[in-house]
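Below is one structure, written out as structure tokens, with a few remarks after it.
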Protein chains: 2
Amino acid sequence: MLRQPPPSRSRPARASDRETAAHPDDHRALRLWLRMLTCTQLIERNIRNQLRLRFGTTLPRFDLMSQLERHPEGLKMNELSRRMMVSGGNVTGITDQLVKEGLVERVAQPADRRAFCVRLTRAGTKVFAEMAGEHETWIVGLLSGINRREHQDLLALLAKVKLHATGAGQGKDVG
Amino acid sequence: MLRQPPPSRSRPARASDRETAAHPDDHRALRLWLRMLTCTQLIERNIRNQLRLRFGTTLPRFDLMSQLERHPEGLKMNELSRRMMVSGGNVTGITDQLVKEGLVERVAQPADRRAFCVRLTRAGTKVFAEMAGEHETWIVGLLSGINRREHQDLLALLAKVKLHATGAGQGKDVG
DNA sequence: CCAGAATGCTTTAGGCCTGTTTTATTCAGA
DNA sequence: TCTGAATAAAACAGGCCTAAAGCATTCTGG
């Protein structure tokens, strides 16, 4: 994705993915970004496939349920929206699906009749526990190419990136 | 996104985004993954917004054009699909849009009447050049929170992640 | 030559996601 | 109290994306 540096003159491109044949220096940032993107997509795609094949579900649904698991008392739609970093309308749609599947429920709020609390049902809790276990082993496997020290370094570097990119973003979703 | 470690007993969560309140050690991989995902999404969202506001276009369209810029002779649909790491049907749709906007063209291949070459039009070349310049400055800005040394470290660490995750992926898109 | 397999692309159904608009409700101030 | 601003959620239009099915063309082994 995104723009790549132009092909190198000296070394003809036998490109196979998006970041091959990068220029040596001026395009450092671009190259780094493309690599981040590729890594994330590789992992994400893998997880999506596993979720689909093993459990017949999707990443957004899993994500929503995982938020609810951490808050058994339930979350309002707008809280879900903020935590998942997606739009409110999107949360409406995903919640609808999960309600249809009987995994979550909307609970009316007497205090504010505009709002709902969304909660895992008993069935949802059970199903999620099963999925979450496997999910973690997938992640561990996908990231097992780097050792513990490298984990820490990567985590720290990404913390810096996150901090700066959050600030640079135009004031939305600063967490 | 994705499952988070359960909330810490000792330190009550004032969570605001998806990776707050992680457990100390056992969930290292999960935590790292969530941070990768957050970073990528922050940057990607920023770029999408900029493309929309400044140029009225989208990231996938920009991405497709950027592939074509590197191959003025044109690329076949399936080559685009492979390079962009998206499905063939998706490439069909994006190409349709860009053709409608007059930015790319499908060129029939006499040698193989099933296939097309997709190329930037003159207008597309011009428009893309303009966008690409700004695009790079956005990326540079978003990643300016880390210095040159850190860039290199991050690039190297992600290379390891990429390599391993590519191998672990079930044989598709090994680039 | 000629079936059948493989290839290149499109179509279709369905889900995700966004920005915008709409509806219902709550809040804040005159 | 009443009116307008703000908020919560949903509806809507439109684009992205996938897997699977379909159509045309090319290739391959008899």
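Chain lettering (A, B, ...) mirrors the order of the structure tokens, residue numbering begins at 1 for each chain separately, and ligand numbering begins at 1 in order of display.
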Practice item. Compute the set of chain B residues within 12 Å of chain D, using only C-alpha atoms (C1' of nucleotides), and express it as a VMD selection string. Key: chain B and resid 57 to 61 85 to 94 97 110 to 115
Exercise for review: Mind the document's chain letters and residue numbers, and return as number ranges by chain the residues of stretch 75-131 of chain A that DSSP labels alpha helix (DSSP H).
Suggested key: A: 77-84, 88-100, 122-131
Now that the selection is made, can you save its residues with C-alpha atoms as a PDB file, in the first residue's frame?
ATOM      1  CA  MET A  77     -22.349   2.067  22.524  1.00  0.00           C
ATOM      2  CA  ASN A  78     -20.273   5.218  22.489  1.00  0.00           C
ATOM      3  CA  GLU A  79     -17.774   3.678  24.886  1.00  0.00           C
ATOM      4  CA  LEU A  80     -17.422   0.712  22.588  1.00  0.00           C
ATOM      5  CA  SER A  81     -16.984   3.062  19.694  1.00  0.00           C
ATOM      6  CA  ARG A  82     -14.200   4.943  21.441  1.00  0.00           C
ATOM      7  CA  ARG A  83     -12.385   1.862  22.678  1.00  0.00           C
ATOM      8  CA  MET A  84     -12.558   0.076  19.362  1.00  0.00           C
ATOM      9  CA  GLY A  88     -20.692   4.690  16.150  1.00  0.00           C
ATOM     10  CA  GLY A  89     -22.683   3.455  13.193  1.00  0.00           C
ATOM     11  CA  ASN A  90     -20.224   0.663  12.821  1.00  0.00           C
ATOM     12  CA  VAL A  91     -20.710  -0.424  16.406  1.00  0.00           C
ATOM     13  CA  THR A  92     -24.453  -0.467  15.823  1.00  0.00           C
ATOM     14  CA  GLY A  93     -23.983  -2.880  12.947  1.00  0.00           C
ATOM     15  CA  ILE A  94     -21.605  -5.242  14.687  1.00  0.00           C
ATOM     16  CA  THR A  95     -23.741  -5.267  17.814  1.00  0.00           C
ATOM     17  CA  ASP A  96     -26.801  -6.098  15.734  1.00  0.00           C
ATOM     18  CA  GLN A  97     -25.012  -9.135  14.361  1.00  0.00           C
ATOM     19  CA  LEU A  98     -23.896 -10.329  17.762  1.00  0.00           C
ATOM     20  CA  VAL A  99     -27.373  -9.836  19.199  1.00  0.00           C
ATOM     21  CA  LYS A 100     -28.766 -11.901  16.364  1.00  0.00           C
ATOM     22  CA  ARG A 122     -23.941 -16.297  29.200  1.00  0.00           C
ATOM     23  CA  ALA A 123     -23.506 -17.998  25.844  1.00  0.00           C
ATOM     24  CA  GLY A 124     -21.322 -15.149  24.651  1.00  0.00           C
ATOM     25  CA  THR A 125     -19.089 -15.395  27.672  1.00  0.00           C
ATOM     26  CA  LYS A 126     -18.586 -19.070  27.120  1.00  0.00           C
ATOM     27  CA  VAL A 127     -17.933 -18.808  23.396  1.00  0.00           C
ATOM     28  CA  PHE A 128     -15.534 -15.947  23.888  1.00  0.00           C
ATOM     29  CA  ALA A 129     -13.463 -17.778  26.471  1.00  0.00           C
ATOM     30  CA  GLU A 130     -12.924 -20.559  24.007  1.00  0.00           C
ATOM     31  CA  MET A 131     -11.914 -18.250  21.205  1.00  0.00           C
TER      32      MET A 131
END
At a cut-off of 9 Å, which residues of chain C touch chain B? Count only C-alpha atoms (C1' of nucleotides) and give the answer as a JSON list (two decimals) with C-alpha atoms (C1' of nucleotides), in the first residue's frame.
[["chain", "number", "residue", "atom", "x", "y", "z"],
["C", 7, "DT", "C1'", -5.79, -18.89, -16.10],
["C", 8, "DG", "C1'", -7.47, -13.89, -16.14],
["C", 9, "DC", "C1'", -10.91, -11.30, -14.98],
["C", 10, "DT", "C1'", -15.69, -10.08, -13.46],
["C", 11, "DT", "C1'", -19.81, -10.74, -10.78]]
Practice item. May I ask for the distance between atom CA of A:Val161 and atom CA of A:Asp63, given in Å to one decimal place? Key: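 Computed distance, atom CA of A:Val161 to atom CA of A:Asp63, equals 23.1 Å.
The shortest atom-to-atom distance to chain A, with only C-alpha atoms taken into account, belongs to B:Ser66 out of B:Ser66, B:Gln41, B:Gln109, B:Gln50.
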Point to revise | DSSP-assigned strand (DSSP E) among stretch 6-137 of chain A, expressed as a ChimeraX atom specification | key: /A:75-76,104-108,116-120
Practice item. Tell me which of A:Val107, A:Leu120, A:Ala29, A:Leu34 sits closest to chain B, counting only C-alpha atoms. Key: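 That would be A:Ala29, the residue with the smallest distance to chain B.
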